[in-house]
$ cat protein_7.csv   # CSV, C-alpha atoms
chain,number,residue,atom,x,y,z
V,1,MET,CA,108.4,62.4,119.4
V,2,THR,CA,106.7,64.7,116.8
V,3,ARG,CA,108.7,64.8,113.6
V,4,ILE,CA,108.4,68.1,111.7
V,5,ILE,CA,109.1,69.3,108.2
V,6,MET,CA,109.9,73.1,108.4
V,7,SER,CA,108.7,74.9,105.3
V,8,GLY,CA,110.5,78.3,105.0
V,9,CYS,CA,113.3,77.0,107.2
V,10,ASN,CA,115.7,79.8,106.2
V,11,GLY,CA,113.2,82.6,106.9
V,12,HIS,CA,113.2,84.5,110.2
V,13,MET,CA,110.4,82.3,111.7
V,14,GLY,CA,112.0,79.2,110.3
V,15,ARG,CA,115.2,79.9,112.2
V,16,VAL,CA,113.2,80.8,115.4
V,17,ILE,CA,111.4,77.5,115.3
V,18,THR,CA,114.6,75.6,114.5
V,19,SER,CA,116.1,77.1,117.7
V,20,LEU,CA,113.0,76.3,119.8
V,21,VAL,CA,112.9,72.7,118.6
V,22,GLU,CA,116.5,72.1,119.5
V,23,LYS,CA,115.5,72.8,123.1
V,24,ASP,CA,112.3,70.7,123.1
V,25,PRO,CA,112.8,66.9,123.6
V,26,GLU,CA,109.3,66.2,122.4
V,27,VAL,CA,109.9,67.4,118.8
V,28,CYS,CA,112.5,67.2,116.0
V,29,ILE,CA,112.9,68.7,112.5
V,30,VAL,CA,113.6,65.9,110.0
V,31,ALA,CA,113.7,68.2,106.9
V,32,GLY,CA,113.4,71.7,105.8
V,33,VAL,CA,112.2,73.5,102.6
V,34,ASP,CA,113.5,76.8,101.3
V,35,VAL,CA,114.4,78.3,98.0
V,36,THR,CA,117.5,79.9,99.5
V,37,GLU,CA,120.6,78.2,100.8
V,38,CYS,CA,120.4,77.1,104.4
V,39,THR,CA,123.1,76.0,106.8
V,40,CYS,CA,120.7,73.8,108.8
V,41,THR,CA,121.5,70.6,110.7
V,42,TYR,CA,118.8,68.8,108.7
V,43,PRO,CA,118.3,68.1,105.0
V,44,VAL,CA,116.9,71.1,103.1
V,45,TYR,CA,115.0,70.8,99.8
V,46,LYS,CA,114.0,73.5,97.3
V,47,SER,CA,110.5,72.1,97.0
V,48,ILE,CA,108.4,70.2,99.5
V,49,LEU,CA,107.4,67.7,96.8
V,50,ASP,CA,111.1,66.5,96.8
V,51,VAL,CA,111.2,65.8,100.6
V,52,LEU,CA,111.9,62.1,101.2
V,53,GLU,CA,111.7,62.0,105.0
V,54,GLU,CA,108.5,61.0,106.8
V,55,ALA,CA,107.0,63.4,109.3
V,56,ASP,CA,104.1,63.9,111.6
V,57,ALA,CA,103.4,67.5,110.6
V,58,VAL,CA,104.5,70.3,108.3
V,59,ILE,CA,104.9,73.8,109.7
V,60,ASP,CA,104.7,76.4,106.9
V,61,PHE,CA,106.1,79.9,107.4
V,62,SER,CA,107.0,80.4,103.8
V,63,ALA,CA,105.0,82.3,101.2
V,64,ILE,CA,101.5,82.2,99.6
V,65,GLY,CA,103.0,80.9,96.4
V,66,ALA,CA,104.0,77.7,98.0
V,67,LEU,CA,100.5,76.8,99.1
V,68,ASP,CA,99.6,74.5,96.2
V,69,SER,CA,102.7,72.3,96.6
V,70,ILE,CA,102.2,72.2,100.4
V,71,LEU,CA,98.6,71.1,100.1
V,72,ASP,CA,99.6,68.5,97.4
V,73,PHE,CA,102.3,67.1,99.7
V,74,GLY,CA,100.0,66.9,102.7
V,75,VAL,CA,97.2,65.1,100.8
V,76,LYS,CA,99.6,62.8,98.9
V,77,THR,CA,101.5,61.7,102.0
V,78,ASN,CA,98.7,62.2,104.6
V,79,THR,CA,100.9,64.6,106.5
V,80,PRO,CA,99.1,67.1,108.7
V,81,LEU,CA,99.7,70.8,107.9
V,82,VAL,CA,100.2,73.8,110.2
V,83,LEU,CA,99.6,76.8,107.9
V,84,CYS,CA,101.0,80.0,109.5
V,85,THR,CA,101.5,82.1,106.4
V,86,THR,CA,99.1,85.1,106.2
V,87,GLY,CA,97.5,87.0,103.4
V,88,TYR,CA,95.4,84.2,101.9
V,89,GLY,CA,92.6,85.2,99.6
V,90,LYS,CA,89.3,83.5,99.0
V,91,GLU,CA,90.8,81.2,96.3
V,92,HIS,CA,93.5,80.1,98.7
V,93,LEU,CA,91.0,79.5,101.5
V,94,ASP,CA,88.8,77.4,99.2
V,95,LYS,CA,91.8,75.2,98.4
V,96,ILE,CA,92.7,74.8,102.0
V,97,ASN,CA,89.1,73.9,102.9
V,98,GLU,CA,89.0,71.3,100.1
V,99,ALA,CA,92.3,69.8,101.1
V,100,SER,CA,91.1,69.6,104.8
V,101,LYS,CA,88.6,67.0,103.7
V,102,LYS,CA,91.5,64.6,103.1
V,103,VAL,CA,94.2,65.7,105.6
V,104,ALA,CA,94.3,67.4,109.0
V,105,ILE,CA,95.1,71.2,108.6
V,106,LEU,CA,95.5,73.8,111.3
V,107,ARG,CA,95.3,77.3,110.0
V,108,SER,CA,95.6,80.4,112.1
V,109,ALA,CA,96.2,84.1,111.4
V,110,ASN,CA,98.1,84.2,114.7
V,111,MET,CA,99.8,81.4,116.6
V,112,SER,CA,100.0,83.1,120.0
V,113,VAL,CA,98.1,81.9,123.0
V,114,GLY,CA,97.3,85.5,124.0
V,115,ILE,CA,95.7,86.5,120.7
V,116,ASN,CA,93.6,83.3,120.6
V,117,THR,CA,92.4,83.8,124.1
V,118,ILE,CA,91.4,87.4,123.3
V,119,MET,CA,89.4,86.0,120.3
V,120,ASN,CA,87.5,83.7,122.7
V,121,LEU,CA,86.7,86.6,124.9
V,122,LEU,CA,85.6,88.8,122.0
V,123,GLU,CA,83.1,86.2,120.9
V,124,GLN,CA,81.7,86.0,124.4
V,125,PHE,CA,81.1,89.7,125.1
V,126,SER,CA,81.1,91.7,121.8
V,127,LYS,CA,77.3,91.5,121.5
V,128,THR,CA,77.0,93.0,125.0
V,129,PHE,CA,78.9,96.1,124.0
V,130,ALA,CA,77.3,96.3,120.5
V,131,ASP,CA,73.8,96.1,122.0
V,132,ALA,CA,74.8,98.9,124.4
V,133,GLY,CA,75.7,101.2,121.5
V,134,PHE,CA,79.5,101.0,121.8
V,135,ASP,CA,81.6,101.8,118.6
V,136,ILE,CA,84.2,99.3,117.7
V,137,GLU,CA,87.7,100.0,116.4
V,138,ILE,CA,90.8,97.9,115.9
V,139,VAL,CA,94.3,99.4,115.6
V,140,GLU,CA,97.2,97.2,114.6
V,141,LYS,CA,100.9,98.0,114.4
V,142,HIS,CA,103.7,96.1,112.7
V,143,HIS,CA,107.3,96.6,111.4
V,144,ASN,CA,108.0,98.5,108.1
V,145,GLN,CA,108.8,95.2,106.2
V,146,LYS,CA,105.3,93.7,106.5
V,147,LEU,CA,103.6,93.5,103.1
V,148,ASP,CA,99.9,93.1,103.9
V,149,ALA,CA,97.6,95.5,105.6
V,150,PRO,CA,95.5,95.2,107.7
V,151,SER,CA,97.1,92.2,109.3
V,152,GLY,CA,95.5,88.8,109.2
V,153,THR,CA,95.3,89.0,113.0
V,154,ALA,CA,93.3,92.2,112.9
V,155,LEU,CA,90.9,90.7,110.4
V,156,ALA,CA,90.6,87.6,112.6
V,157,LEU,CA,89.9,89.7,115.6
V,158,ALA,CA,87.2,91.6,113.7
V,159,ASP,CA,85.7,88.3,112.6
V,160,SER,CA,85.6,87.2,116.2
V,161,ILE,CA,83.6,90.3,117.1
V,162,ASN,CA,81.4,90.2,114.0
V,163,ALA,CA,80.3,86.5,114.1
V,164,PRO,CA,78.1,86.9,117.3
V,165,LEU,CA,76.6,90.0,115.6
V,166,ASN,CA,75.4,87.9,112.6
V,167,ASN,CA,78.2,89.4,110.5
V,168,GLU,CA,76.1,92.6,110.1
V,169,TYR,CA,79.0,94.9,110.7
V,170,GLU,CA,81.0,96.4,107.8
V,171,TYR,CA,84.8,96.6,107.9
V,172,VAL,CA,86.0,100.1,107.2
V,173,TYR,CA,89.7,100.7,106.4
V,174,ASP,CA,89.7,104.3,105.3
V,175,ARG,CA,87.4,107.2,106.1
V,176,SER,CA,89.3,109.9,104.1
V,177,ALA,CA,86.8,109.9,101.2
V,178,ARG,CA,83.8,110.1,103.5
V,179,ARG,CA,82.3,113.2,105.1
V,180,GLU,CA,79.5,111.8,107.4
V,181,LYS,CA,78.9,110.7,110.9
V,182,ARG,CA,80.2,107.3,111.9
V,183,PRO,CA,77.6,104.6,111.2
V,184,LYS,CA,76.9,102.3,114.1
V,185,LYS,CA,77.3,99.0,112.3
V,186,GLU,CA,80.9,99.2,111.3
V,187,ILE,CA,84.3,98.1,112.6
V,188,GLY,CA,87.1,100.5,111.9
V,189,ILE,CA,90.4,98.8,111.2
V,190,SER,CA,93.6,100.9,111.1
V,191,ALA,CA,97.1,99.8,110.2
V,192,VAL,CA,100.4,101.4,111.3
V,193,ARG,CA,103.7,100.4,109.8
V,194,GLY,CA,107.1,101.5,111.2
V,195,GLY,CA,110.4,100.5,112.6
V,196,SER,CA,110.8,97.0,114.0
V,197,ILE,CA,107.4,96.6,115.8
V,198,VAL,CA,106.8,92.9,116.1
V,199,GLY,CA,103.1,93.2,116.5
V,200,GLU,CA,100.5,95.2,118.5
V,201,HIS,CA,96.7,94.8,118.3
V,202,GLU,CA,94.3,97.0,120.2
V,203,ILE,CA,90.5,96.5,120.3
V,204,ILE,CA,88.6,99.6,121.4
V,205,PHE,CA,85.0,99.6,122.5
V,206,ALA,CA,84.0,103.3,122.8
V,207,GLY,CA,80.7,104.1,124.5
V,208,THR,CA,79.2,107.2,126.0
V,209,ASP,CA,81.5,108.4,128.8
V,210,GLU,CA,83.5,105.1,128.9
V,211,VAL,CA,86.0,103.2,126.8
V,212,ILE,CA,87.1,99.6,127.1
V,213,GLU,CA,90.5,98.8,125.5
V,214,ILE,CA,92.0,95.3,125.0
V,215,LYS,CA,95.6,95.3,123.9
V,216,HIS,CA,98.1,92.5,122.9
V,217,THR,CA,101.8,93.3,122.4
V,218,ALA,CA,104.2,90.8,120.9
V,219,TYR,CA,107.8,91.6,122.0
V,220,SER,CA,109.3,88.6,120.1
V,221,LYS,CA,108.4,86.4,117.2
V,222,ALA,CA,109.2,83.4,119.5
V,223,ILE,CA,105.6,83.4,120.8
V,224,PHE,CA,104.4,82.6,117.2
V,225,GLY,CA,107.0,79.9,116.9
V,226,LYS,CA,106.1,78.3,120.2
V,227,GLY,CA,102.4,78.2,119.1
V,228,ALA,CA,103.3,76.6,115.8
V,229,VAL,CA,105.3,73.8,117.5
V,230,GLU,CA,102.5,73.2,119.9
V,231,ALA,CA,100.1,73.1,117.0
V,232,ALA,CA,102.3,70.4,115.2
V,233,LYS,CA,102.2,68.3,118.4
V,234,PHE,CA,98.4,68.7,118.5
V,235,LEU,CA,97.9,67.6,114.9
V,236,LYS,CA,100.0,64.5,115.1
V,237,GLY,CA,97.7,61.6,114.3
V,238,LYS,CA,94.6,63.8,113.9
V,239,GLU,CA,91.8,62.9,111.4
V,240,ALA,CA,91.2,65.0,108.3
V,241,GLY,CA,89.6,68.3,109.1
V,242,LEU,CA,90.1,72.0,109.5
V,243,TYR,CA,91.5,73.0,113.0
V,244,ASN,CA,92.6,76.2,114.6
V,245,MET,CA,94.8,77.3,117.5
V,246,ARG,CA,91.9,77.3,119.9
V,247,ASN,CA,91.3,73.6,119.2
V,248,ALA,CA,95.0,73.0,120.1
V,249,MET,CA,94.7,75.2,123.3
V,250,ALA,CA,91.7,73.2,124.5
V,251,THR,CA,93.7,69.9,124.8

$ encode --input "protein_7.csv" --output "structure tokens"
Amino acid sequence: MTRIIMSGCNGHMGRVITSLVEKDPEVCIVAGVDVTECTCTYPVYKSILDVLEEADAVIDFSAIGALDSILDFGVKTNTPLVLCTTGYGKEHLDKINEASKKVAILRSANMSVGINTIMNLLEQFSKTFADAGFDIEIVEKHHNQKLDAPSGTALALADSINAPLNNEYEYVYDRSARREKRPKKEIGISAVRGGSIVGEHEIIFAGTDEVIEIKHTAYSKAIFGKGAVEAAKFLKGKEAGLYNMRNAMAT
């Protein structure tokens, strides 16, 4: 049995994960954390630093502002952390990397099996398309309540393409101020916001007389919740270090 502390338990993803856990005999939520009132079946605290229950992992779907206290809790209690919140800046990532020297941390911009499989594929064949002169574009679509743009997933997909290319490609988010032909070594990233779109990511390799498109569509946020729960199971008992969803998928 994997015991979980659900950070952000009263948010949409927190409620999704609570529902998923209720149907999974291998996991249970022993406590939740949220700044708002929650009618949960487990104890809920305003701050994770007040949690008394012992757990095998924390799943965090809260907000960037909670990161410091979550890292402090993980290091202090040696509780592995599954960090699912997006929008981290360099300062946040530096703190996560430092904490991972003392406790197991799994951080992923997207928890779905499909997206992480696509990342693996992109790492394998992006150089082939780049060497053949293909232009590379990423288009992502999300609901009108999403705060950050482009999405963390779009950036992670771009990184998966750029890494085998020695990170020589520039990310371009807006061409409105430019009047010139498209440079070869760039990855265009476009963001669409509207309605209740859960999440769509399309990677386009555009060559001369042929186009290859890879697309992932999320129809429900449950896919992210399932991935987070599997990540918590994976992290149980793991040594300190920084892990990702592809590590969890490989087991």

$ closest_residue --input "protein_7.csv" --among "V:Ala130, V:Glu37, V:Cys84, V:Ser176" --to "Asn162 in chain V" --atoms "all atoms listed in the file"
V:Ala130

$ atom_distance --input "protein_7.csv" --atom1 "CA of Ser100 in chain V" --atom2 "CA of Thr86 in chain V"
17.5 Å

$ atom_distance --input "protein_7.csv" --atom1 "CA of Ala250 in chain V" --atom2 "CA of Leu235 in chain V"
12.7 Å

$ closest_residue --input "protein_7.csv" --among "V:Asp56, V:Asp209, V:Asp174, V:Asp34" --to "Met1 in chain V" --atoms "only C-alpha atoms"
V:Asp56

$ atom_distance --input "protein_7.csv" --atom1 "CA of Ala132 in chain V" --atom2 "CA of Thr153 in chain V"
25.5 Å

$ closest_residue --input "protein_7.csv" --among "V:Thr217, V:Thr77, V:Thr85, V:Asn144" --to "Ser108 in chain V" --atoms "only C-alpha atoms"
V:Thr85

$ residues_near_point --input "protein_7.csv" --point "(95.8, 61.5, 100.9)" --cutoff "12 Å" --atoms "all atoms listed in the file" --output "JSON, numbers by chain"
{"V": [71, 72, 73, 74, 75, 76, 77, 78, 79, 80, 98, 99, 100, 101, 102, 103, 104, 239, 240]}

$ residues_around --input "protein_7.csv" --residues "Leu67 in chain V" --least-positions-apart "5" --cutoff "10 Å" --atoms "only C-alpha atoms" --output "list in words"
Asp60, Ser62, Asp72, Phe73, Leu83, Thr85, Tyr88, His92, Lys95 and Ile96 of chain V

$ closest_residue --input "protein_7.csv" --among "V:Gly114, V:Ala222, V:Lys46, V:Ala158" --to "Arg246 in chain V" --atoms "all atoms listed in the file"
V:Gly114

$ residues_around --input "protein_7.csv" --residues "range 22-33 of chain V" --least-positions-apart "2" --cutoff "10 Å" --atoms "only C-alpha atoms" --output "short mmCIF file (atom, residue, chain, number, x, y, z; two decimals) with C-alpha atoms, keeping the file's coordinate frame"
data_model
loop_
_atom_site.label_atom_id
_atom_site.label_comp_id
_atom_site.auth_asym_id
_atom_site.auth_seq_id
_atom_site.Cartn_x
_atom_site.Cartn_y
_atom_site.Cartn_z
CA MET V 1 108.40 62.40 119.40
CA THR V 2 106.70 64.70 116.80
CA ARG V 3 108.70 64.80 113.60
CA ILE V 4 108.40 68.10 111.70
CA ILE V 5 109.10 69.30 108.20
CA MET V 6 109.90 73.10 108.40
CA SER V 7 108.70 74.90 105.30
CA GLY V 8 110.50 78.30 105.00
CA CYS V 9 113.30 77.00 107.20
CA ASN V 10 115.70 79.80 106.20
CA GLY V 14 112.00 79.20 110.30
CA ILE V 17 111.40 77.50 115.30
CA THR V 18 114.60 75.60 114.50
CA SER V 19 116.10 77.10 117.70
CA LEU V 20 113.00 76.30 119.80
CA VAL V 35 114.40 78.30 98.00
CA THR V 36 117.50 79.90 99.50
CA GLU V 37 120.60 78.20 100.80
CA CYS V 38 120.40 77.10 104.40
CA CYS V 40 120.70 73.80 108.80
CA THR V 41 121.50 70.60 110.70
CA TYR V 42 118.80 68.80 108.70
CA PRO V 43 118.30 68.10 105.00
CA VAL V 44 116.90 71.10 103.10
CA TYR V 45 115.00 70.80 99.80
CA LYS V 46 114.00 73.50 97.30
CA SER V 47 110.50 72.10 97.00
CA ILE V 48 108.40 70.20 99.50
CA LEU V 49 107.40 67.70 96.80
CA ASP V 50 111.10 66.50 96.80
CA VAL V 51 111.20 65.80 100.60
CA LEU V 52 111.90 62.10 101.20
CA GLU V 53 111.70 62.00 105.00
CA GLU V 54 108.50 61.00 106.80
CA ALA V 55 107.00 63.40 109.30
CA ASP V 56 104.10 63.90 111.60
CA ALA V 57 103.40 67.50 110.60
CA VAL V 58 104.50 70.30 108.30
CA ILE V 59 104.90 73.80 109.70
CA ASP V 60 104.70 76.40 106.90
CA SER V 62 107.00 80.40 103.80
CA VAL V 229 105.30 73.80 117.50
CA GLU V 230 102.50 73.20 119.90
CA ALA V 232 102.30 70.40 115.20
CA LYS V 233 102.20 68.30 118.40
#

$ closest_residue --input "protein_7.csv" --among "V:Ala66, V:Ile105, V:Gly207, V:Ser151" --to "Thr128 in chain V" --atoms "all atoms listed in the file"
V:Gly207

$ closest_atom_pairs --input "protein_7.csv" --of "range 29-134 of chain V" --to "range 179-195 of chain V" --cutoff "12 Å" --atoms "only C-alpha atoms" --output "Markdown table"
| residue | atom | partner | partner_atom | distance |
| --- | --- | --- | --- | --- |
| V:Ser126 | CA | V:Ile187 | CA | 11.7 |
| V:Lys127 | CA | V:Lys185 | CA | 11.9 |
| V:Phe129 | CA | V:Lys184 | CA | 11.9 |
| V:Ala130 | CA | V:Lys185 | CA | 8.6 |
| V:Asp131 | CA | V:Lys184 | CA | 10.5 |
| V:Ala132 | CA | V:Lys184 | CA | 11.0 |
| V:Gly133 | CA | V:Lys184 | CA | 7.6 |
| V:Phe134 | CA | V:Lys184 | CA | 8.2 |

$ closest_residue --input "protein_7.csv" --among "V:Asn247, V:Ser112, V:Ser160, V:Asn166" --to "Ala218 in chain V" --atoms "all atoms listed in the file"
V:Ser112

$ decode --input "protein_7.csv" --residues "range 61-116 of chain V" --atoms "C-alpha atoms" --output "short mmCIF file (atom, residue, chain, number, x, y, z; two decimals), in the first residue's frame"
data_model
loop_
_atom_site.label_atom_id
_atom_site.label_comp_id
_atom_site.auth_asym_id
_atom_site.auth_seq_id
_atom_site.Cartn_x
_atom_site.Cartn_y
_atom_site.Cartn_z
CA PHE V 61 -1.07 19.80 -7.81
CA SER V 62 -1.29 23.10 -5.94
CA ALA V 63 0.51 26.34 -6.87
CA ILE V 64 4.06 27.54 -7.38
CA GLY V 65 3.88 29.53 -4.14
CA ALA V 66 3.65 26.31 -2.15
CA LEU V 67 6.93 24.91 -3.49
CA ASP V 68 9.21 26.05 -0.66
CA SER V 69 7.09 24.47 2.07
CA ILE V 70 6.65 21.26 0.05
CA LEU V 71 10.41 20.93 -0.46
CA ASP V 72 11.02 21.67 3.23
CA PHE V 73 8.51 18.99 4.22
CA GLY V 74 9.98 16.43 1.84
CA VAL V 75 13.54 16.96 3.05
CA LYS V 76 12.60 17.17 6.73
CA THR V 77 10.48 13.99 6.74
CA ASN V 78 12.33 12.18 3.91
CA THR V 79 9.04 11.89 2.00
CA PRO V 80 9.37 11.54 -1.81
CA LEU V 81 7.70 14.27 -3.85
CA VAL V 82 5.72 14.09 -7.10
CA LEU V 83 5.71 17.66 -8.41
CA CYS V 84 3.00 18.18 -11.04
CA THR V 85 2.60 21.96 -10.85
CA THR V 86 3.76 23.79 -14.00
CA GLY V 87 5.22 27.22 -14.64
CA TYR V 88 8.40 26.86 -12.58
CA GLY V 89 11.14 29.39 -13.30
CA LYS V 90 14.89 28.88 -13.06
CA GLU V 91 14.93 29.82 -9.38
CA HIS V 92 12.30 27.18 -8.61
CA LEU V 93 14.11 24.54 -10.66
CA ASP V 94 17.36 25.29 -8.83
CA LYS V 95 15.60 24.73 -5.50
CA ILE V 96 14.11 21.46 -6.75
CA ASN V 97 17.50 20.24 -7.98
CA GLU V 98 19.10 21.10 -4.64
CA ALA V 99 16.38 19.32 -2.64
CA SER V 100 16.66 16.25 -4.87
CA LYS V 101 20.13 15.67 -3.42
CA LYS V 102 18.40 14.86 -0.11
CA VAL V 103 15.06 13.31 -1.11
CA ALA V 104 13.53 11.55 -4.12
CA ILE V 105 11.68 13.98 -6.40
CA LEU V 106 9.80 13.24 -9.60
CA ARG V 107 9.01 16.34 -11.64
CA SER V 108 7.23 16.29 -14.98
CA ALA V 109 5.57 18.96 -17.08
CA ASN V 110 3.01 16.34 -18.12
CA MET V 111 2.06 13.15 -16.32
CA SER V 112 0.44 11.30 -19.24
CA VAL V 113 1.92 8.12 -20.69
CA GLY V 114 1.20 9.33 -24.22
CA ILE V 115 3.09 12.63 -23.95
CA ASN V 116 6.11 10.99 -22.33
#
